[in-house]
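*Asks:* Here you go, this is structure_25.pdb (PDB, N, CA and C atoms, pLDDT in the B column).
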ATOM      1  N   GLY S   1       0.792  -1.202   0.000  1.00 55.00           N
ATOM      2  CA  GLY S   1       0.000   0.000   0.000  1.00 55.00           C
ATOM      3  C   GLY S   1       0.833   1.264   0.000  1.00 55.00           C
ATOM      4  N   GLY S   2       2.180   1.172   0.038  1.00 63.00           N
ATOM      5  CA  GLY S   2       3.006   2.365  -0.005  1.00 63.00           C
ATOM      6  C   GLY S   2       3.205   3.048   1.333  1.00 63.00           C
ATOM      7  N   ARG S   3       2.713   2.450   2.417  1.00 71.00           N
ATOM      8  CA  ARG S   3       2.875   3.061   3.744  1.00 71.00           C
ATOM      9  C   ARG S   3       3.956   2.326   4.524  1.00 71.00           C
ATOM     10  N   ILE S   4       4.791   3.099   5.221  1.00 67.00           N
ATOM     11  CA  ILE S   4       5.813   2.518   6.089  1.00 67.00           C
ATOM     12  C   ILE S   4       5.231   2.467   7.496  1.00 67.00           C
ATOM     13  N   PRO S   5       5.205   1.271   8.109  1.00 71.00           N
ATOM     14  CA  PRO S   5       4.658   1.182   9.467  1.00 71.00           C
ATOM     15  C   PRO S   5       5.420   2.088  10.430  1.00 71.00           C
ATOM     16  N   ALA S   6       4.721   2.648  11.420  1.00 75.00           N
ATOM     17  CA  ALA S   6       5.294   3.611  12.358  1.00 75.00           C
ATOM     18  C   ALA S   6       6.454   3.023  13.159  1.00 75.00           C
ATOM     19  N   GLU S   7       6.446   1.722  13.437  1.00 76.00           N
ATOM     20  CA  GLU S   7       7.487   1.112  14.265  1.00 76.00           C
ATOM     21  C   GLU S   7       8.724   0.673  13.460  1.00 76.00           C
ATOM     22  N   THR S   8       8.768   0.955  12.168  1.00 69.00           N
ATOM     23  CA  THR S   8       9.893   0.560  11.331  1.00 69.00           C
ATOM     24  C   THR S   8      11.133   1.367  11.710  1.00 69.00           C
ATOM     25  N   PRO S   9      12.307   0.689  11.927  1.00 70.00           N
ATOM     26  CA  PRO S   9      13.536   1.418  12.271  1.00 70.00           C
ATOM     27  C   PRO S   9      13.949   2.383  11.149  1.00 70.00           C
ATOM     28  N   VAL S  10      14.638   3.450  11.527  1.00 64.00           N
ATOM     29  CA  VAL S  10      15.036   4.481  10.560  1.00 64.00           C
ATOM     30  C   VAL S  10      15.914   3.891   9.460  1.00 64.00           C
ATOM     31  N   GLN S  11      16.799   2.933   9.796  1.00 63.00           N
ATOM     32  CA  GLN S  11      17.680   2.340   8.793  1.00 63.00           C
ATOM     33  C   GLN S  11      16.878   1.624   7.704  1.00 63.00           C
ATOM     34  N   VAL S  12      15.791   0.985   8.079  1.00 58.00           N
ATOM     35  CA  VAL S  12      14.960   0.270   7.117  1.00 58.00           C
ATOM     36  C   VAL S  12      14.106   1.255   6.319  1.00 58.00           C
ATOM     37  N   GLN S  13      13.694   2.347   6.938  1.00 54.00           N
ATOM     38  CA  GLN S  13      12.885   3.346   6.245  1.00 54.00           C
ATOM     39  C   GLN S  13      13.641   3.931   5.056  1.00 54.00           C
ATOM     40  N   GLY S  14      14.981   4.002   5.154  1.00 59.00           N
ATOM     41  CA  GLY S  14      15.793   4.536   4.066  1.00 59.00           C
ATOM     42  C   GLY S  14      15.724   3.693   2.806  1.00 59.00           C
ATOM     43  N   ILE S  15      15.322   2.429   2.928  1.00 62.00           N
ATOM     44  CA  ILE S  15      15.212   1.537   1.763  1.00 62.00           C
ATOM     45  C   ILE S  15      13.972   1.869   0.938  1.00 62.00           C
ATOM     46  N   TYR S  16      12.927   2.338   1.599  1.00 60.00           N
ATOM     47  CA  TYR S  16      11.672   2.620   0.928  1.00 60.00           C
ATOM     48  C   TYR S  16      11.749   3.958   0.188  1.00 60.00           C
ATOM     49  N   PRO S  17      11.331   3.991  -1.058  1.00 63.00           N
ATOM     50  CA  PRO S  17      11.327   5.286  -1.762  1.00 63.00           C
ATOM     51  C   PRO S  17      10.247   6.206  -1.197  1.00 63.00           C
ATOM     52  N   ARG S  18      10.575   7.443  -1.059  1.00 63.00           N
ATOM     53  CA  ARG S  18       9.616   8.435  -0.569  1.00 63.00           C
ATOM     54  C   ARG S  18       8.960   9.108  -1.765  1.00 63.00           C
ATOM     55  N   GLN S  19       7.665   9.079  -1.786  1.00 65.00           N
ATOM     56  CA  GLN S  19       6.923   9.751  -2.845  1.00 65.00           C
ATOM     57  C   GLN S  19       6.610  11.170  -2.381  1.00 65.00           C
ATOM     58  N   GLN S  20       6.990  12.141  -3.170  1.00 68.00           N
ATOM     59  CA  GLN S  20       6.703  13.524  -2.817  1.00 68.00           C
ATOM     60  C   GLN S  20       5.721  14.095  -3.820  1.00 68.00           C
ATOM     61  N   ALA S  21       4.897  14.980  -3.335  1.00 74.00           N
ATOM     62  CA  ALA S  21       3.908  15.613  -4.197  1.00 74.00           C
ATOM     63  C   ALA S  21       4.598  16.565  -5.166  1.00 74.00           C
ATOM     64  N   VAL S  22       4.063  16.659  -6.352  1.00 78.00           N
ATOM     65  CA  VAL S  22       4.550  17.596  -7.352  1.00 78.00           C
ATOM     66  C   VAL S  22       3.482  18.651  -7.553  1.00 78.00           C
ATOM     67  N   GLU S  23       3.875  19.899  -7.418  1.00 81.00           N
ATOM     68  CA  GLU S  23       2.937  20.997  -7.634  1.00 81.00           C
ATOM     69  C   GLU S  23       3.328  21.711  -8.914  1.00 81.00           C
ATOM     70  N   ILE S  24       2.379  21.856  -9.807  1.00 82.00           N
ATOM     71  CA  ILE S  24       2.620  22.512 -11.090  1.00 82.00           C
ATOM     72  C   ILE S  24       1.822  23.802 -11.108  1.00 82.00           C
ATOM     73  N   TYR S  25       2.507  24.890 -11.387  1.00 83.00           N
ATOM     74  CA  TYR S  25       1.862  26.199 -11.414  1.00 83.00           C
ATOM     75  C   TYR S  25       1.827  26.715 -12.850  1.00 83.00           C
ATOM     76  N   GLU S  26       0.759  27.387 -13.187  1.00 80.00           N
ATOM     77  CA  GLU S  26       0.656  28.045 -14.486  1.00 80.00           C
ATOM     78  C   GLU S  26       0.565  29.545 -14.231  1.00 80.00           C
ATOM     79  N   PRO S  27       1.578  30.295 -14.671  1.00 79.00           N
ATOM     80  CA  PRO S  27       1.535  31.733 -14.432  1.00 79.00           C
ATOM     81  C   PRO S  27       0.374  32.378 -15.186  1.00 79.00           C
ATOM     82  N   VAL S  28      -0.277  33.304 -14.528  1.00 85.00           N
ATOM     83  CA  VAL S  28      -1.420  33.996 -15.109  1.00 85.00           C
ATOM     84  C   VAL S  28      -0.943  35.303 -15.722  1.00 85.00           C
ATOM     85  N   GLY S  29      -1.380  35.595 -16.920  1.00 84.00           N
ATOM     86  CA  GLY S  29      -1.043  36.855 -17.564  1.00 84.00           C
ATOM     87  C   GLY S  29       0.310  36.859 -18.260  1.00 84.00           C
ATOM     88  N   THR S  30       0.987  35.719 -18.335  1.00 80.00           N
ATOM     89  CA  THR S  30       2.278  35.632 -19.012  1.00 80.00           C
ATOM     90  C   THR S  30       2.052  35.113 -20.425  1.00 80.00           C
ATOM     91  N   PRO S  31       2.564  35.815 -21.449  1.00 81.00           N
ATOM     92  CA  PRO S  31       2.353  35.338 -22.817  1.00 81.00           C
ATOM     93  C   PRO S  31       3.094  34.022 -23.062  1.00 81.00           C
ATOM     94  N   ARG S  32       2.493  33.174 -23.851  1.00 80.00           N
ATOM     95  CA  ARG S  32       3.126  31.907 -24.194  1.00 80.00           C
ATOM     96  C   ARG S  32       4.235  32.157 -25.203  1.00 80.00           C
ATOM     97  N   PRO S  33       5.302  31.355 -25.161  1.00 79.00           N
ATOM     98  CA  PRO S  33       6.396  31.542 -26.122  1.00 79.00           C
ATOM     99  C   PRO S  33       5.931  31.261 -27.540  1.00 79.00           C
ATOM    100  N   GLY S  34       6.558  31.907 -28.482  1.00 83.00           N
ATOM    101  CA  GLY S  34       6.216  31.723 -29.885  1.00 83.00           C
ATOM    102  C   GLY S  34       6.868  30.473 -30.450  1.00 83.00           C
ATOM    103  N   PRO S  35       6.718  30.248 -31.746  1.00 89.00           N
ATOM    104  CA  PRO S  35       7.305  29.063 -32.373  1.00 89.00           C
ATOM    105  C   PRO S  35       8.836  29.157 -32.416  1.00 89.00           C
ATOM    106  N   VAL S  36       9.468  28.008 -32.501  1.00 86.00           N
ATOM    107  CA  VAL S  36      10.922  27.939 -32.605  1.00 86.00           C
ATOM    108  C   VAL S  36      11.334  28.409 -33.997  1.00 86.00           C
ATOM    109  N   THR S  37      12.382  29.222 -34.060  1.00 84.00           N
ATOM    110  CA  THR S  37      12.880  29.711 -35.344  1.00 84.00           C
ATOM    111  C   THR S  37      14.389  29.560 -35.409  1.00 84.00           C
ATOM    112  N   ALA S  38      14.926  29.565 -36.601  1.00 84.00           N
ATOM    113  CA  ALA S  38      16.372  29.540 -36.809  1.00 84.00           C
ATOM    114  C   ALA S  38      16.840  30.961 -37.083  1.00 84.00           C
ATOM    115  N   LYS S  39      17.978  31.314 -36.508  1.00 84.00           N
ATOM    116  CA  LYS S  39      18.539  32.650 -36.688  1.00 84.00           C
ATOM    117  C   LYS S  39      19.864  32.527 -37.416  1.00 84.00           C
ATOM    118  N   PRO S  40      20.240  33.538 -38.212  1.00 85.00           N
ATOM    119  CA  PRO S  40      21.535  33.472 -38.903  1.00 85.00           C
ATOM    120  C   PRO S  40      22.689  33.600 -37.908  1.00 85.00           C
ATOM    121  N   VAL S  41      23.775  32.916 -38.195  1.00 82.00           N
ATOM    122  CA  VAL S  41      24.954  32.959 -37.334  1.00 82.00           C
ATOM    123  C   VAL S  41      25.533  34.372 -37.288  1.00 82.00           C
ATOM    124  N   SER S  42      25.384  35.114 -38.359  1.00 84.00           N
ATOM    125  CA  SER S  42      25.957  36.456 -38.404  1.00 84.00           C
ATOM    126  C   SER S  42      25.347  37.399 -37.374  1.00 84.00           C
ATOM    127  N   GLY S  43      24.152  37.103 -36.884  1.00 84.00           N
ATOM    128  CA  GLY S  43      23.509  37.962 -35.899  1.00 84.00           C
ATOM    129  C   GLY S  43      23.753  37.533 -34.464  1.00 84.00           C
ATOM    130  N   THR S  44      24.622  36.529 -34.257  1.00 84.00           N
ATOM    131  CA  THR S  44      24.872  36.025 -32.916  1.00 84.00           C
ATOM    132  C   THR S  44      25.770  36.974 -32.137  1.00 84.00           C
ATOM    133  N   ALA S  45      25.361  37.291 -30.919  1.00 85.00           N
ATOM    134  CA  ALA S  45      26.179  38.122 -30.032  1.00 85.00           C
ATOM    135  C   ALA S  45      27.079  37.213 -29.216  1.00 85.00           C
ATOM    136  N   VAL S  46      28.372  37.513 -29.202  1.00 84.00           N
ATOM    137  CA  VAL S  46      29.333  36.748 -28.414  1.00 84.00           C
ATOM    138  C   VAL S  46      29.644  37.561 -27.169  1.00 84.00           C
ATOM    139  N   VAL S  47      29.368  36.988 -26.003  1.00 85.00           N
ATOM    140  CA  VAL S  47      29.497  37.701 -24.735  1.00 85.00           C
ATOM    141  C   VAL S  47      30.668  37.129 -23.941  1.00 85.00           C
ATOM    142  N   SER S  48      31.531  38.007 -23.463  1.00 86.00           N
ATOM    143  CA  SER S  48      32.625  37.602 -22.599  1.00 86.00           C
ATOM    144  C   SER S  48      32.151  37.709 -21.153  1.00 86.00           C
ATOM    145  N   GLY S  49      32.045  36.585 -20.490  1.00 84.00           N
ATOM    146  CA  GLY S  49      31.565  36.549 -19.114  1.00 84.00           C
ATOM    147  C   GLY S  49      30.931  35.211 -18.826  1.00 84.00           C
ATOM    148  N   GLY S  50      30.321  35.111 -17.674  1.00 84.00           N
ATOM    149  CA  GLY S  50      29.668  33.876 -17.280  1.00 84.00           C
ATOM    150  C   GLY S  50      28.181  33.933 -17.554  1.00 84.00           C
ATOM    151  N   PRO S  51      27.476  32.841 -17.255  1.00 84.00           N
ATOM    152  CA  PRO S  51      26.033  32.799 -17.495  1.00 84.00           C
ATOM    153  C   PRO S  51      25.273  33.888 -16.753  1.00 84.00           C
ATOM    154  N   GLU S  52      25.830  34.340 -15.618  1.00 87.00           N
ATOM    155  CA  GLU S  52      25.144  35.374 -14.842  1.00 87.00           C
ATOM    156  C   GLU S  52      25.102  36.723 -15.561  1.00 87.00           C
ATOM    157  N   THR S  53      25.915  36.900 -16.605  1.00 85.00           N
ATOM    158  CA  THR S  53      25.903  38.164 -17.352  1.00 85.00           C
ATOM    159  C   THR S  53      24.748  38.245 -18.341  1.00 85.00           C
ATOM    160  N   LEU S  54      24.150  37.113 -18.673  1.00 85.00           N
ATOM    161  CA  LEU S  54      23.108  37.112 -19.702  1.00 85.00           C
ATOM    162  C   LEU S  54      21.817  37.787 -19.244  1.00 85.00           C
ATOM    163  N   LEU S  55      21.447  37.630 -17.981  1.00 86.00           N
ATOM    164  CA  LEU S  55      20.198  38.229 -17.508  1.00 86.00           C
ATOM    165  C   LEU S  55      20.241  39.753 -17.570  1.00 86.00           C
ATOM    166  N   PRO S  56      21.280  40.427 -17.056  1.00 87.00           N
ATOM    167  CA  PRO S  56      21.313  41.890 -17.193  1.00 87.00           C
ATOM    168  C   PRO S  56      21.364  42.337 -18.657  1.00 87.00           C
ATOM    169  N   LEU S  57      22.047  41.571 -19.494  1.00 85.00           N
ATOM    170  CA  LEU S  57      22.141  41.947 -20.912  1.00 85.00           C
ATOM    171  C   LEU S  57      20.821  41.766 -21.645  1.00 85.00           C
ATOM    172  N   SER S  58      19.932  40.932 -21.125  1.00 82.00           N
ATOM    173  CA  SER S  58      18.653  40.713 -21.798  1.00 82.00           C
ATOM    174  C   SER S  58      17.790  41.975 -21.798  1.00 82.00           C
ATOM    175  N   ALA S  59      18.101  42.920 -20.918  1.00 86.00           N
ATOM    176  CA  ALA S  59      17.365  44.187 -20.887  1.00 86.00           C
ATOM    177  C   ALA S  59      17.863  45.164 -21.947  1.00 86.00           C
ATOM    178  N   ASP S  60      19.013  44.871 -22.551  1.00 85.00           N
ATOM    179  CA  ASP S  60      19.584  45.746 -23.581  1.00 85.00           C
ATOM    180  C   ASP S  60      18.780  45.589 -24.869  1.00 85.00           C
ATOM    181  N   PRO S  61      18.168  46.664 -25.373  1.00 87.00           N
ATOM    182  CA  PRO S  61      17.338  46.552 -26.584  1.00 87.00           C
ATOM    183  C   PRO S  61      18.113  46.057 -27.804  1.00 87.00           C
ATOM    184  N   SER S  62      19.413  46.344 -27.869  1.00 83.00           N
ATOM    185  CA  SER S  62      20.181  45.912 -29.043  1.00 83.00           C
ATOM    186  C   SER S  62      20.434  44.403 -29.039  1.00 83.00           C
ATOM    187  N   LEU S  63      20.293  43.752 -27.882  1.00 83.00           N
ATOM    188  CA  LEU S  63      20.505  42.301 -27.808  1.00 83.00           C
ATOM    189  C   LEU S  63      19.208  41.512 -27.753  1.00 83.00           C
ATOM    190  N   ARG S  64      18.096  42.179 -27.552  1.00 80.00           N
ATOM    191  CA  ARG S  64      16.815  41.482 -27.421  1.00 80.00           C
ATOM    192  C   ARG S  64      16.481  40.747 -28.724  1.00 80.00           C
ATOM    193  N   GLY S  65      16.193  39.469 -28.601  1.00 78.00           N
ATOM    194  CA  GLY S  65      15.825  38.666 -29.763  1.00 78.00           C
ATOM    195  C   GLY S  65      17.012  38.097 -30.528  1.00 78.00           C
ATOM    196  N   ARG S  66      18.227  38.462 -30.123  1.00 85.00           N
ATOM    197  CA  ARG S  66      19.419  37.934 -30.808  1.00 85.00           C
ATOM    198  C   ARG S  66      19.904  36.677 -30.099  1.00 85.00           C
ATOM    199  N   PRO S  67      20.377  35.684 -30.863  1.00 85.00           N
ATOM    200  CA  PRO S  67      21.010  34.541 -30.203  1.00 85.00           C
ATOM    201  C   PRO S  67      22.308  35.009 -29.553  1.00 85.00           C
ATOM    202  N   THR S  68      22.636  34.452 -28.401  1.00 84.00           N
ATOM    203  CA  THR S  68      23.813  34.866 -27.650  1.00 84.00           C
ATOM    204  C   THR S  68      24.575  33.643 -27.172  1.00 84.00           C
ATOM    205  N   VAL S  69      25.894  33.683 -27.300  1.00 83.00           N
ATOM    206  CA  VAL S  69      26.757  32.613 -26.806  1.00 83.00           C
ATOM    207  C   VAL S  69      27.849  33.229 -25.938  1.00 83.00           C
ATOM    208  N   LEU S  70      28.432  32.412 -25.084  1.00 85.00           N
ATOM    209  CA  LEU S  70      29.524  32.855 -24.225  1.00 85.00           C
ATOM    210  C   LEU S  70      30.861  32.500 -24.873  1.00 85.00           C
ATOM    211  N   THR S  71      31.864  33.383 -24.711  1.00 82.00           N
ATOM    212  CA  THR S  71      33.163  33.159 -25.354  1.00 82.00           C
ATOM    213  C   THR S  71      33.850  31.894 -24.854  1.00 82.00           C
ATOM    214  N   GLY S  72      33.621  31.501 -23.609  1.00 77.00           N
ATOM    215  CA  GLY S  72      34.274  30.334 -23.057  1.00 77.00           C
ATOM    216  C   GLY S  72      33.707  29.012 -23.537  1.00 77.00           C
ATOM    217  N   ASP S  73      32.542  29.031 -24.162  1.00 75.00           N
ATOM    218  CA  ASP S  73      31.927  27.797 -24.641  1.00 75.00           C
ATOM    219  C   ASP S  73      32.407  27.488 -26.052  1.00 75.00           C
ATOM    220  N   ASN S  74      32.400  26.197 -26.378  1.00 70.00           N
ATOM    221  CA  ASN S  74      32.818  25.772 -27.705  1.00 70.00           C
ATOM    222  C   ASN S  74      31.620  25.844 -28.648  1.00 70.00           C
ATOM    223  N   HIS S  75      31.677  26.759 -29.615  1.00 64.00           N
ATOM    224  CA  HIS S  75      30.594  26.931 -30.569  1.00 64.00           C
ATOM    225  C   HIS S  75      31.143  26.864 -31.984  1.00 64.00           C
ATOM    226  N   PRO S  76      31.212  25.670 -32.566  1.00 68.00           N
ATOM    227  CA  PRO S  76      31.719  25.566 -33.930  1.00 68.00           C
ATOM    228  C   PRO S  76      30.831  26.353 -34.898  1.00 68.00           C
ATOM    229  N   GLY S  77      31.449  27.080 -35.795  1.00 64.00           N
ATOM    230  CA  GLY S  77      30.713  27.847 -36.801  1.00 64.00           C
ATOM    231  C   GLY S  77      30.576  29.306 -36.462  1.00 64.00           C
ATOM    232  N   ILE S  78      30.707  29.679 -35.191  1.00 60.00           N
ATOM    233  CA  ILE S  78      30.613  31.091 -34.827  1.00 60.00           C
ATOM    234  C   ILE S  78      31.895  31.775 -35.269  1.00 60.00           C
ATOM    235  N   GLY S  79      31.743  32.864 -35.977  1.00 57.00           N
ATOM    236  CA  GLY S  79      32.913  33.620 -36.428  1.00 57.00           C
ATOM    237  C   GLY S  79      33.435  33.189 -37.786  1.00 57.00           C
ATOM    238  N   THR S  80      32.765  32.234 -38.436  1.00 50.00           N
ATOM    239  CA  THR S  80      33.224  31.839 -39.778  1.00 50.00           C
ATOM    240  C   THR S  80      32.218  32.274 -40.807  1.00 50.00           C
TER
END
How does this structure look as structure tokens?
*Replies:*
Amino acid sequence: GGRIPAETPVQVQGIYPRQQAVEIYEPVGTPRPGPVTAKPVSGTAVVSGGPETLLPLSADPSLRGRPTVLTGDNHPGIGT
């Protein structure tokens, strides 16, 4: 039945998988993403920094909607 008896020792309880509830939320008033599209490599912005730099840069109007990669990552085809 999926229940562990109350008198079961803690060491034995560790053998039983614990089922946890999953809560799924749907944000209200948020537009759904559009269809997937391909972008030209020539429009890719190459950013020097870590992943944490991408969020502040997303507010920059000149980068909005452009594909962006980090200089430290291996991206074959960028720059050719």
*Asks:* Measure the distance from CA of Thr68 in chain S to CA of Pro40 in chain S in Å and round it to one decimal.
*Replies:*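 About the pair CA of Thr68 in chain S and CA of Pro40 in chain S: they are 11.6 Å apart.
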*Asks:* Using DSSP assignments from the backbone, pull out every residue in range 12-74 of chain S that falls under strand (DSSP E) and give it to me as a list of chain:residue names.
*Replies:*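 The residues of range 12-74 of chain S classed as strand (DSSP E) are S:Ala45, S:Val46, S:Val47, S:Thr68, S:Val69, S:Leu70.
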*Asks:* Restricting it to N, CA and C atoms, dump the selection as a PDB file, keeping the file's coordinate frame.
*Replies:*
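Contents of again.pdb, freshly written:
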ATOM      1  N   ALA S  45      25.361  37.291 -30.919  1.00 85.00           N
ATOM      2  CA  ALA S  45      26.179  38.122 -30.032  1.00 85.00           C
ATOM      3  C   ALA S  45      27.079  37.213 -29.216  1.00 85.00           C
ATOM      4  N   VAL S  46      28.372  37.513 -29.202  1.00 84.00           N
ATOM      5  CA  VAL S  46      29.333  36.748 -28.414  1.00 84.00           C
ATOM      6  C   VAL S  46      29.644  37.561 -27.169  1.00 84.00           C
ATOM      7  N   VAL S  47      29.368  36.988 -26.003  1.00 85.00           N
ATOM      8  CA  VAL S  47      29.497  37.701 -24.735  1.00 85.00           C
ATOM      9  C   VAL S  47      30.668  37.129 -23.941  1.00 85.00           C
ATOM     10  N   THR S  68      22.636  34.452 -28.401  1.00 84.00           N
ATOM     11  CA  THR S  68      23.813  34.866 -27.650  1.00 84.00           C
ATOM     12  C   THR S  68      24.575  33.643 -27.172  1.00 84.00           C
ATOM     13  N   VAL S  69      25.894  33.683 -27.300  1.00 83.00           N
ATOM     14  CA  VAL S  69      26.757  32.613 -26.806  1.00 83.00           C
ATOM     15  C   VAL S  69      27.849  33.229 -25.938  1.00 83.00           C
ATOM     16  N   LEU S  70      28.432  32.412 -25.084  1.00 85.00           N
ATOM     17  CA  LEU S  70      29.524  32.855 -24.225  1.00 85.00           C
ATOM     18  C   LEU S  70      30.861  32.500 -24.873  1.00 85.00           C
TER      19      LEU S  70
END
*Asks:* Tell me, in Å to one decimal, how far atom N of Pro67 in chain S is from atom C of Thr30 in chain S.
*Replies:*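 Atom-to-atom, atom N of Pro67 in chain S and atom C of Thr30 in chain S are spaced 21.1 Å apart.
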*Asks:* Looking at S:Val41, S:Val46, S:Val36, S:Val22, which one is nearest to Leu70 in chain S, with distances taken over only N, CA and C atoms?
*Replies:*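 When distances to Leu70 in chain S are compared using only N, CA and C atoms, the smallest one comes from S:Val46.
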*Asks:* One decimal, Å: what's the distance from atom C of Pro61 in chain S over to atom C of Tyr25 in chain S, could you say?
*Replies:*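 Between atom C of Pro61 in chain S and atom C of Tyr25 in chain S the gap works out to 29.4 Å.
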